[in-house]
Amino acid sequence: MTEYRDDDRWLLTDPQTGRSDLRGWDELRGSLINDVAALNKVEVAGWYWCDRLKVEPLDQPHDEPDTSLDILSRLAATAESAETIKECFDMYPELQPPADAVAR
């Protein structure tokens, strides 16, 4: 972490990402999907392709998608093997990227 001066206050940021404006519920949802996908050897360019994540307002909790993501995160966190994580990922096809969203 590093600090930088913004007007009259100091702010923390991660110098490797430089994404200080991306945080909160929307970033958490996208990061979870990307992380579980990456564990399944699926890498995507961003996460805005996922219709389940297009909720308003983005920075607030939403019962329907967040419940599914909470279950997915618990399953992935307690998985004892890569195969179990793949099974978790397969349980939520609506959270999987279409072929045109996968990074090449």
# chains A, B, ... in the order shown; residues from 1 in each chain; ligands from 1
>>> select_by_dssp(residues="chain A", states="strand (DSSP E or B)", output="VMD selection string")
chain A and resid 2 to 6 9 to 13 44 102
>>> write_last_selection(atoms="N, CA and C atoms", output="CSV table (one decimal), in the first residue's frame")
chain,number,residue,atom,x,y,z
A,2,THR,N,0.3,2.3,-0.6
A,2,THR,CA,1.0,3.6,-0.6
A,2,THR,C,0.0,4.7,-0.3
A,3,GLU,N,0.5,5.8,0.2
A,3,GLU,CA,-0.4,6.9,0.4
A,3,GLU,C,-0.1,8.0,-0.6
A,4,TYR,N,-1.2,8.7,-1.0
A,4,TYR,CA,-1.0,9.9,-1.8
A,4,TYR,C,-1.9,11.0,-1.3
A,5,ARG,N,-1.5,12.2,-1.7
A,5,ARG,CA,-2.2,13.4,-1.2
A,5,ARG,C,-3.3,13.7,-2.2
A,6,ASP,N,-4.6,13.9,-1.7
A,6,ASP,CA,-5.7,14.3,-2.6
A,6,ASP,C,-6.3,15.5,-1.9
A,9,ARG,N,-6.3,15.7,2.1
A,9,ARG,CA,-6.3,14.5,2.9
A,9,ARG,C,-5.4,13.5,2.2
A,10,TRP,N,-4.9,12.5,3.0
A,10,TRP,CA,-4.1,11.4,2.5
A,10,TRP,C,-5.0,10.2,2.3
A,11,LEU,N,-4.7,9.5,1.1
A,11,LEU,CA,-5.5,8.3,0.8
A,11,LEU,C,-4.6,7.2,0.5
A,12,LEU,N,-5.1,6.0,0.9
A,12,LEU,CA,-4.3,4.7,0.6
A,12,LEU,C,-4.7,4.2,-0.7
A,13,THR,N,-3.7,3.6,-1.4
A,13,THR,CA,-4.0,2.9,-2.7
A,13,THR,C,-3.0,1.8,-2.9
A,44,VAL,N,-11.1,-13.9,-17.9
A,44,VAL,CA,-11.9,-13.0,-18.6
A,44,VAL,C,-11.4,-11.6,-18.6
A,102,VAL,N,-14.0,-14.2,-22.9
A,102,VAL,CA,-12.8,-14.9,-22.4
A,102,VAL,C,-11.6,-14.2,-23.0
>>> residues_around(residues="A:Leu69", least_positions_apart="5", cutoff="12 Å", atoms="only C-alpha atoms", output="PyMOL selection string")
chain A and resi 25-26+28-36+52-53+61-64+74-77+88-89+91-92+94-95
>>> closest_residue(among="A:Asp66, A:Met1, A:Leu39, A:Cys50", to="A:Thr84", atoms="only C-alpha atoms")
A:Leu39
>>> closest_residue(among="A:Thr78, A:Gly24, A:Asp100, A:Asp8", to="A:Leu58", atoms="only C-alpha atoms")
A:Gly24
>>> select_by_dssp(residues="chain A", states="alpha helix (DSSP H)", output="PyMOL selection string")
chain A and resi 25-39+63-77+82-90
>>> atom_distance(atom1="atom CA of A:Ile71", atom2="atom CA of A:Gln96")
15.2 Å
>>> atom_distance(atom1="atom CA of A:Glu43", atom2="atom CA of A:Ser81")
19.2 Å
>>> atom_distance(atom1="atom CA of A:Asn40", atom2="atom CA of A:Lys54")
22.9 Å
